[in-house]
Amino acid sequence: NKLIFATSFGYMNSVLKVAKEFPDVKFEHATGYKTAPNVANYSARFYEARYLAGKLAGATTKSNILGYVAALPIPEVLQGINAYTLGAQSVNPNIEVRVVWTSAWYDPGKSLIGQGADVITHHTNSSAVASACEEAKIPVISYNTSMKRAAPTMLIGGVIHIWDEFYAGRIQAVMDGTWQ
């Protein structure tokens, strides 16, 4: 019994290709939408934490301009931007969220600093945004990990997903022969 987790949207077609080559291996793809007999998808309610992060940013901003560094326009990222904006506007209806699309999972998004954003968050897979905010002395809300090392004085919050229980359950399903 073998199970492989793929955690990036960009790998969806690659997962399907490899799954076809290894039909006895089970694959799980985070936030994907394509399946096969041995490929399943999983996701979470990412937008809930994004809404709370927006509330925090909305309560922190002085300029009413928030920045959001976004990698790719996929459903998970779009719902995160919308939830963040709604959360911020629930605190202050005058909030404007400026989005920079990087077309990559690794980019610092420094251009938002020049646009007057005084609180920045991101949906990328590196600490580049947190580091850029620390250097510019702009509050940052991190993604995936706390990034306290990258932004020791400017980190005000983080959107972090804890997958342990879910992964353990999926692994157990493979071991039990009940995986679907």
# chains A, B, ... in the order shown; residues from 1 in each chain; ligands from 1
$ residues_around --residues "region 93-101 of chain A" --least-positions-apart "4" --cutoff "9 Å" --atoms "only C-alpha atoms" --output "list in words"
Gly58, Thr61, Ser63, Asn64, Ile65, Leu66, Gly67, Tyr68, Val69, Ala70, Ala71, Leu72, Pro73, Ile81, Tyr84, Thr85, Leu86, Ala88, Gln89, Gly109, Ser111, Leu112, Gln115 and Ala117 of chain A
$ write_last_selection --atoms "N, CA, C and O atoms" --output "mmCIF file, in the first residue's frame"
data_model
loop_
_atom_site.group_PDB
_atom_site.id
_atom_site.type_symbol
_atom_site.label_atom_id
_atom_site.label_comp_id
_atom_site.auth_asym_id
_atom_site.auth_seq_id
_atom_site.Cartn_x
_atom_site.Cartn_y
_atom_site.Cartn_z
ATOM 1 N N GLY A 58 -7.464 44.835 8.555
ATOM 2 C CA GLY A 58 -8.359 45.992 8.563
ATOM 3 C C GLY A 58 -8.276 46.788 9.851
ATOM 4 O O GLY A 58 -8.407 48.016 9.841
ATOM 5 N N THR A 61 -4.443 48.627 9.615
ATOM 6 C CA THR A 61 -4.078 49.625 8.595
ATOM 7 C C THR A 61 -4.363 51.062 9.042
ATOM 8 O O THR A 61 -5.314 51.327 9.756
ATOM 9 N N SER A 63 -3.640 53.464 6.360
ATOM 10 C CA SER A 63 -3.863 54.058 5.036
ATOM 11 C C SER A 63 -5.135 53.556 4.364
ATOM 12 O O SER A 63 -5.548 54.101 3.348
ATOM 13 N N ASN A 64 -5.727 52.503 4.920
ATOM 14 C CA ASN A 64 -6.885 51.823 4.316
ATOM 15 C C ASN A 64 -6.526 51.105 3.018
ATOM 16 O O ASN A 64 -7.404 50.717 2.257
ATOM 17 N N ILE A 65 -5.244 50.937 2.763
ATOM 18 C CA ILE A 65 -4.784 50.201 1.587
ATOM 19 C C ILE A 65 -4.045 48.959 2.069
ATOM 20 O O ILE A 65 -3.053 49.059 2.789
ATOM 21 N N LEU A 66 -4.563 47.812 1.674
ATOM 22 C CA LEU A 66 -3.942 46.544 2.033
ATOM 23 C C LEU A 66 -3.365 45.904 0.775
ATOM 24 O O LEU A 66 -3.899 46.085 -0.315
ATOM 25 N N GLY A 67 -2.302 45.145 0.937
ATOM 26 C CA GLY A 67 -1.676 44.466 -0.190
ATOM 27 C C GLY A 67 -1.842 42.971 -0.094
ATOM 28 O O GLY A 67 -1.847 42.401 1.001
ATOM 29 N N TYR A 68 -1.989 42.333 -1.238
ATOM 30 C CA TYR A 68 -2.136 40.878 -1.309
ATOM 31 C C TYR A 68 -1.289 40.389 -2.468
ATOM 32 O O TYR A 68 -1.547 40.730 -3.622
ATOM 33 N N VAL A 69 -0.258 39.620 -2.164
ATOM 34 C CA VAL A 69 0.592 39.033 -3.195
ATOM 35 C C VAL A 69 0.001 37.670 -3.542
ATOM 36 O O VAL A 69 -0.064 36.786 -2.696
ATOM 37 N N ALA A 70 -0.457 37.529 -4.777
ATOM 38 C CA ALA A 70 -1.143 36.307 -5.206
ATOM 39 C C ALA A 70 -0.354 35.624 -6.311
ATOM 40 O O ALA A 70 0.116 36.275 -7.243
ATOM 41 N N ALA A 71 -0.237 34.317 -6.202
ATOM 42 C CA ALA A 71 0.557 33.573 -7.172
ATOM 43 C C ALA A 71 -0.184 33.378 -8.495
ATOM 44 O O ALA A 71 0.224 33.918 -9.520
ATOM 45 N N LEU A 72 -1.242 32.616 -8.467
ATOM 46 C CA LEU A 72 -1.946 32.247 -9.694
ATOM 47 C C LEU A 72 -3.457 32.382 -9.479
ATOM 48 O O LEU A 72 -3.950 32.101 -8.385
ATOM 49 N N PRO A 73 -4.204 32.761 -10.502
ATOM 50 C CA PRO A 73 -5.651 32.941 -10.341
ATOM 51 C C PRO A 73 -6.421 31.619 -10.364
ATOM 52 O O PRO A 73 -7.201 31.336 -11.268
ATOM 53 N N ILE A 81 -8.494 35.832 -1.582
ATOM 54 C CA ILE A 81 -8.515 37.284 -1.779
ATOM 55 C C ILE A 81 -9.880 37.842 -1.394
ATOM 56 O O ILE A 81 -9.988 38.851 -0.690
ATOM 57 N N TYR A 84 -10.389 37.637 2.441
ATOM 58 C CA TYR A 84 -9.528 38.630 3.087
ATOM 59 C C TYR A 84 -10.144 40.023 2.956
ATOM 60 O O TYR A 84 -10.231 40.781 3.917
ATOM 61 N N THR A 85 -10.594 40.346 1.756
ATOM 62 C CA THR A 85 -11.205 41.655 1.504
ATOM 63 C C THR A 85 -12.478 41.824 2.324
ATOM 64 O O THR A 85 -12.681 42.871 2.960
ATOM 65 N N LEU A 86 -13.336 40.820 2.330
ATOM 66 C CA LEU A 86 -14.580 40.911 3.105
ATOM 67 C C LEU A 86 -14.297 41.043 4.597
ATOM 68 O O LEU A 86 -14.975 41.802 5.295
ATOM 69 N N ALA A 88 -11.572 42.362 5.984
ATOM 70 C CA ALA A 88 -11.042 43.713 6.212
ATOM 71 C C ALA A 88 -12.161 44.741 6.153
ATOM 72 O O ALA A 88 -12.237 45.646 6.994
ATOM 73 N N GLN A 89 -13.057 44.606 5.187
ATOM 74 C CA GLN A 89 -14.144 45.573 5.035
ATOM 75 C C GLN A 89 -15.206 45.429 6.116
ATOM 76 O O GLN A 89 -15.968 46.367 6.349
ATOM 77 N N GLY A 109 6.800 40.382 -4.014
ATOM 78 C CA GLY A 109 5.722 41.348 -4.150
ATOM 79 C C GLY A 109 6.058 42.741 -3.644
ATOM 80 O O GLY A 109 5.218 43.433 -3.086
ATOM 81 N N SER A 111 6.329 45.425 -5.109
ATOM 82 C CA SER A 111 5.617 46.529 -5.758
ATOM 83 C C SER A 111 4.451 47.040 -4.923
ATOM 84 O O SER A 111 4.058 48.200 -5.055
ATOM 85 N N LEU A 112 3.891 46.236 -4.062
ATOM 86 C CA LEU A 112 2.775 46.689 -3.221
ATOM 87 C C LEU A 112 3.214 47.759 -2.233
ATOM 88 O O LEU A 112 2.431 48.632 -1.870
ATOM 89 N N GLN A 115 2.872 51.048 -3.648
ATOM 90 C CA GLN A 115 1.495 51.449 -3.920
ATOM 91 C C GLN A 115 0.769 51.915 -2.664
ATOM 92 O O GLN A 115 -0.436 52.110 -2.688
ATOM 93 N N ALA A 117 0.441 50.268 0.268
ATOM 94 C CA ALA A 117 -0.093 49.234 1.157
ATOM 95 C C ALA A 117 0.688 49.264 2.468
ATOM 96 O O ALA A 117 1.915 49.243 2.467
#
$ residues_around --residues "Val91 (chain A)" --least-positions-apart "5" --cutoff "10 Å" --atoms "only C-alpha atoms" --output "list in words"
Gly54, Lys55, Leu56, Ala57, Gly58, Ala59, Thr60 and Leu86 of chain A
$ closest_atom_pairs --of "region 63-82 of chain A" --to "region 30-47 of chain A" --cutoff "7 Å" --atoms "only C-alpha atoms" --output "tab-separated table"
residue	atom	partner	partner_atom	distance
A:Glu76	CA	A:Thr31	CA	7.0
A:Gln79	CA	A:Tyr47	CA	6.1
A:Gly80	CA	A:Tyr47	CA	5.1
$ closest_residue --among "A:Thr145, A:Thr102, A:Ser14, A:Thr124" --to "Ile162 (chain A)" --atoms "only C-alpha atoms"
A:Thr145
$ select_by_dssp --residues "region 13-158 of chain A" --states "strand (DSSP E)" --output "VMD selection string"
chain A and resid 25 to 30 39 to 42 65 to 70 96 to 101 119 to 123 140 to 143 155 to 158
$ write_last_selection --atoms "N, CA, C and O atoms" --output "compact mmCIF listing (two decimals), in the first residue's frame"
# COMPACT_ATOMS: atom_id res chain seq x y z
N VAL A 25 -0.45 2.72 -6.93
CA VAL A 25 -0.14 3.75 -5.93
C VAL A 25 -1.31 4.73 -5.88
O VAL A 25 -1.87 5.11 -6.91
N LYS A 26 -1.71 5.11 -4.68
CA LYS A 26 -2.77 6.11 -4.48
C LYS A 26 -2.13 7.49 -4.40
O LYS A 26 -1.10 7.67 -3.76
N PHE A 27 -2.76 8.47 -5.03
CA PHE A 27 -2.28 9.85 -5.02
C PHE A 27 -3.38 10.76 -4.51
O PHE A 27 -4.56 10.56 -4.83
N GLU A 28 -3.00 11.76 -3.73
CA GLU A 28 -3.93 12.77 -3.25
C GLU A 28 -3.35 14.13 -3.63
O GLU A 28 -2.18 14.40 -3.39
N HIS A 29 -4.20 14.97 -4.23
CA HIS A 29 -3.74 16.27 -4.70
C HIS A 29 -4.48 17.38 -3.98
O HIS A 29 -5.71 17.44 -4.01
N ALA A 30 -3.74 18.28 -3.35
CA ALA A 30 -4.34 19.40 -2.63
C ALA A 30 -4.88 20.43 -3.61
O ALA A 30 -4.17 20.86 -4.51
N VAL A 39 -6.42 8.66 -8.07
CA VAL A 39 -6.13 10.05 -7.71
C VAL A 39 -7.36 10.68 -7.09
O VAL A 39 -8.45 10.67 -7.68
N ALA A 40 -7.19 11.22 -5.89
CA ALA A 40 -8.26 11.95 -5.20
C ALA A 40 -7.77 13.37 -4.92
O ALA A 40 -6.58 13.66 -5.01
N ASN A 41 -8.70 14.25 -4.60
CA ASN A 41 -8.38 15.64 -4.26
C ASN A 41 -8.82 15.93 -2.84
O ASN A 41 -9.72 15.28 -2.32
N TYR A 42 -8.19 16.91 -2.25
CA TYR A 42 -8.61 17.38 -0.94
C TYR A 42 -8.38 18.87 -0.84
O TYR A 42 -7.61 19.44 -1.59
N ILE A 65 -5.24 50.94 2.76
CA ILE A 65 -4.78 50.20 1.59
C ILE A 65 -4.04 48.96 2.07
O ILE A 65 -3.05 49.06 2.79
N LEU A 66 -4.56 47.81 1.67
CA LEU A 66 -3.94 46.54 2.03
C LEU A 66 -3.37 45.90 0.78
O LEU A 66 -3.90 46.09 -0.32
N GLY A 67 -2.30 45.14 0.94
CA GLY A 67 -1.68 44.47 -0.19
C GLY A 67 -1.84 42.97 -0.09
O GLY A 67 -1.85 42.40 1.00
N TYR A 68 -1.99 42.33 -1.24
CA TYR A 68 -2.14 40.88 -1.31
C TYR A 68 -1.29 40.39 -2.47
O TYR A 68 -1.55 40.73 -3.62
N VAL A 69 -0.26 39.62 -2.16
CA VAL A 69 0.59 39.03 -3.19
C VAL A 69 0.00 37.67 -3.54
O VAL A 69 -0.06 36.79 -2.70
N ALA A 70 -0.46 37.53 -4.78
CA ALA A 70 -1.14 36.31 -5.21
C ALA A 70 -0.35 35.62 -6.31
O ALA A 70 0.12 36.27 -7.24
N GLU A 96 -9.28 49.23 0.81
CA GLU A 96 -9.00 48.83 -0.57
C GLU A 96 -7.91 47.77 -0.51
O GLU A 96 -6.89 47.96 0.16
N VAL A 97 -8.14 46.66 -1.20
CA VAL A 97 -7.13 45.60 -1.27
C VAL A 97 -6.52 45.63 -2.67
O VAL A 97 -7.23 45.49 -3.67
N ARG A 98 -5.23 45.83 -2.72
CA ARG A 98 -4.51 45.84 -4.00
C ARG A 98 -3.80 44.51 -4.15
O ARG A 98 -3.05 44.09 -3.28
N VAL A 99 -4.04 43.88 -5.28
CA VAL A 99 -3.50 42.55 -5.55
C VAL A 99 -2.40 42.65 -6.59
O VAL A 99 -2.56 43.33 -7.60
N VAL A 100 -1.31 41.98 -6.33
CA VAL A 100 -0.23 41.82 -7.31
C VAL A 100 -0.17 40.35 -7.67
O VAL A 100 -0.04 39.49 -6.79
N TRP A 101 -0.30 40.05 -8.96
CA TRP A 101 -0.21 38.68 -9.45
C TRP A 101 1.24 38.40 -9.85
O TRP A 101 1.80 39.12 -10.67
N VAL A 119 -0.22 47.13 5.16
CA VAL A 119 -0.29 45.78 5.70
C VAL A 119 -0.33 44.86 4.48
O VAL A 119 -1.07 45.12 3.54
N ILE A 120 0.48 43.81 4.48
CA ILE A 120 0.57 42.92 3.33
C ILE A 120 0.43 41.48 3.77
O ILE A 120 0.95 41.07 4.80
N THR A 121 -0.27 40.70 2.96
CA THR A 121 -0.34 39.26 3.13
C THR A 121 0.02 38.63 1.79
O THR A 121 0.26 39.33 0.81
N HIS A 122 0.03 37.31 1.75
CA HIS A 122 0.40 36.65 0.50
C HIS A 122 -0.17 35.25 0.42
O HIS A 122 -0.57 34.66 1.42
N HIS A 123 -0.21 34.75 -0.79
CA HIS A 123 -0.54 33.36 -1.06
C HIS A 123 0.55 32.85 -2.00
O HIS A 123 0.34 32.66 -3.19
N VAL A 140 3.02 42.32 8.31
CA VAL A 140 2.77 41.22 7.38
C VAL A 140 1.98 40.12 8.07
O VAL A 140 2.17 39.85 9.26
N ILE A 141 1.09 39.49 7.30
CA ILE A 141 0.36 38.30 7.73
C ILE A 141 0.86 37.18 6.84
O ILE A 141 0.68 37.21 5.62
N SER A 142 1.49 36.18 7.43
CA SER A 142 2.15 35.14 6.65
C SER A 142 1.18 34.05 6.20
O SER A 142 0.03 34.01 6.63
N TYR A 143 1.70 33.16 5.37
CA TYR A 143 0.91 32.04 4.85
C TYR A 143 1.73 30.76 4.94
O TYR A 143 2.93 30.77 4.68
N LEU A 155 5.77 40.67 11.81
CA LEU A 155 4.75 39.64 11.68
C LEU A 155 3.62 39.92 12.66
O LEU A 155 3.85 40.01 13.87
N ILE A 156 2.38 40.07 12.15
CA ILE A 156 1.24 40.32 13.05
C ILE A 156 0.27 39.15 13.09
O ILE A 156 -0.64 39.12 13.91
N GLY A 157 0.43 38.17 12.22
CA GLY A 157 -0.44 37.00 12.21
C GLY A 157 -0.04 36.07 11.10
O GLY A 157 0.87 36.37 10.32
N GLY A 158 -0.73 34.95 11.02
CA GLY A 158 -0.43 33.99 9.97
C GLY A 158 -1.61 33.08 9.69
O GLY A 158 -2.39 32.79 10.60
$ atom_distance --atom1 "CA of Ile113 (chain A)" --atom2 "CA of Ile74 (chain A)"
24.0 Å
$ atom_distance --atom1 "CA of Ser131 (chain A)" --atom2 "CA of Ala150 (chain A)"
4.9 Å
$ select_by_dssp --residues "chain A" --states "alpha helix (DSSP H)" --output "PyMOL selection string"
chain A and resi 12-21+46-60+75-91+111-114+128-136+164-176
$ decode --residues "region 84-96 of chain A" --atoms "all heavy atoms" --output "JSON list (two decimals), in the first residue's frame"
[["chain", "number", "residue", "atom", "x", "y", "z"],
["A", 84, "TYR", "N", -10.39, 37.64, 2.44],
["A", 84, "TYR", "CA", -9.53, 38.63, 3.09],
["A", 84, "TYR", "C", -10.14, 40.02, 2.96],
["A", 84, "TYR", "O", -10.23, 40.78, 3.92],
["A", 84, "TYR", "CB", -8.14, 38.58, 2.44],
["A", 84, "TYR", "CG", -7.11, 39.50, 3.01],
["A", 84, "TYR", "CD1", -6.46, 39.21, 4.20],
["A", 84, "TYR", "CD2", -6.76, 40.67, 2.34],
["A", 84, "TYR", "CE1", -5.48, 40.04, 4.71],
["A", 84, "TYR", "CE2", -5.78, 41.51, 2.84],
["A", 84, "TYR", "CZ", -5.15, 41.19, 4.03],
["A", 84, "TYR", "OH", -4.17, 42.03, 4.52],
["A", 85, "THR", "N", -10.59, 40.35, 1.76],
["A", 85, "THR", "CA", -11.21, 41.65, 1.50],
["A", 85, "THR", "C", -12.48, 41.82, 2.32],
["A", 85, "THR", "O", -12.68, 42.87, 2.96],
["A", 85, "THR", "CB", -11.51, 41.82, 0.00],
["A", 85, "THR", "OG1", -10.28, 41.68, -0.73],
["A", 85, "THR", "CG2", -12.13, 43.17, -0.30],
["A", 86, "LEU", "N", -13.34, 40.82, 2.33],
["A", 86, "LEU", "CA", -14.58, 40.91, 3.10],
["A", 86, "LEU", "C", -14.30, 41.04, 4.60],
["A", 86, "LEU", "O", -14.97, 41.80, 5.30],
["A", 86, "LEU", "CB", -15.46, 39.69, 2.83],
["A", 86, "LEU", "CG", -16.08, 39.63, 1.43],
["A", 86, "LEU", "CD1", -16.74, 38.28, 1.20],
["A", 86, "LEU", "CD2", -17.07, 40.77, 1.23],
["A", 87, "GLY", "N", -13.30, 40.31, 5.08],
["A", 87, "GLY", "CA", -12.93, 40.43, 6.50],
["A", 87, "GLY", "C", -12.44, 41.82, 6.83],
["A", 87, "GLY", "O", -12.84, 42.42, 7.83],
["A", 88, "ALA", "N", -11.57, 42.36, 5.98],
["A", 88, "ALA", "CA", -11.04, 43.71, 6.21],
["A", 88, "ALA", "C", -12.16, 44.74, 6.15],
["A", 88, "ALA", "O", -12.24, 45.65, 6.99],
["A", 88, "ALA", "CB", -9.96, 44.03, 5.18],
["A", 89, "GLN", "N", -13.06, 44.61, 5.19],
["A", 89, "GLN", "CA", -14.14, 45.57, 5.04],
["A", 89, "GLN", "C", -15.21, 45.43, 6.12],
["A", 89, "GLN", "O", -15.97, 46.37, 6.35],
["A", 89, "GLN", "CB", -14.75, 45.47, 3.64],
["A", 89, "GLN", "CG", -13.80, 45.98, 2.58],
["A", 89, "GLN", "CD", -14.31, 45.82, 1.16],
["A", 89, "GLN", "OE1", -15.22, 45.05, 0.88],
["A", 89, "GLN", "NE2", -13.69, 46.55, 0.24],
["A", 90, "SER", "N", -15.23, 44.29, 6.82],
["A", 90, "SER", "CA", -16.16, 44.16, 7.94],
["A", 90, "SER", "C", -15.72, 45.04, 9.10],
["A", 90, "SER", "O", -16.53, 45.44, 9.93],
["A", 90, "SER", "CB", -16.27, 42.69, 8.39],
["A", 90, "SER", "OG", -15.13, 42.29, 9.14],
["A", 91, "VAL", "N", -14.42, 45.34, 9.16],
["A", 91, "VAL", "CA", -13.87, 46.21, 10.19],
["A", 91, "VAL", "C", -13.91, 47.67, 9.72],
["A", 91, "VAL", "O", -14.18, 48.58, 10.50],
["A", 91, "VAL", "CB", -12.40, 45.81, 10.51],
["A", 91, "VAL", "CG1", -11.74, 46.79, 11.46],
["A", 91, "VAL", "CG2", -12.35, 44.41, 11.06],
["A", 92, "ASN", "N", -13.63, 47.87, 8.45],
["A", 92, "ASN", "CA", -13.56, 49.22, 7.89],
["A", 92, "ASN", "C", -14.02, 49.17, 6.43],
["A", 92, "ASN", "O", -13.29, 48.67, 5.58],
["A", 92, "ASN", "CB", -12.12, 49.73, 7.99],
["A", 92, "ASN", "CG", -11.95, 51.12, 7.41],
["A", 92, "ASN", "OD1", -12.81, 51.64, 6.72],
["A", 92, "ASN", "ND2", -10.79, 51.70, 7.66],
["A", 93, "PRO", "N", -15.22, 49.67, 6.13],
["A", 93, "PRO", "CA", -15.73, 49.59, 4.75],
["A", 93, "PRO", "C", -14.93, 50.40, 3.73],
["A", 93, "PRO", "O", -15.13, 50.24, 2.53],
["A", 93, "PRO", "CB", -17.17, 50.11, 4.87],
["A", 93, "PRO", "CG", -17.21, 50.88, 6.13],
["A", 93, "PRO", "CD", -16.16, 50.30, 7.04],
["A", 94, "ASN", "N", -14.01, 51.23, 4.19],
["A", 94, "ASN", "CA", -13.20, 52.05, 3.27],
["A", 94, "ASN", "C", -11.93, 51.36, 2.82],
["A", 94, "ASN", "O", -11.11, 51.96, 2.12],
["A", 94, "ASN", "CB", -12.86, 53.39, 3.94],
["A", 94, "ASN", "CG", -14.11, 54.19, 4.24],
["A", 94, "ASN", "OD1", -15.02, 54.26, 3.44],
["A", 94, "ASN", "ND2", -14.16, 54.76, 5.43],
["A", 95, "ILE", "N", -11.73, 50.13, 3.21],
["A", 95, "ILE", "CA", -10.52, 49.37, 2.86],
["A", 95, "ILE", "C", -10.47, 49.10, 1.36],
["A", 95, "ILE", "O", -11.47, 48.75, 0.74],
["A", 95, "ILE", "CB", -10.50, 48.01, 3.61],
["A", 95, "ILE", "CG1", -10.37, 48.21, 5.10],
["A", 95, "ILE", "CG2", -9.43, 47.07, 3.06],
["A", 95, "ILE", "CD1", -9.03, 48.66, 5.58],
["A", 96, "GLU", "N", -9.28, 49.23, 0.81],
["A", 96, "GLU", "CA", -9.00, 48.83, -0.57],
["A", 96, "GLU", "C", -7.91, 47.77, -0.51],
["A", 96, "GLU", "O", -6.89, 47.96, 0.16],
["A", 96, "GLU", "CB", -8.52, 50.04, -1.36],
["A", 96, "GLU", "CG", -8.13, 49.70, -2.79],
["A", 96, "GLU", "CD", -7.50, 50.89, -3.52],
["A", 96, "GLU", "OE1", -7.70, 52.04, -3.10],
["A", 96, "GLU", "OE2", -6.79, 50.62, -4.50]]
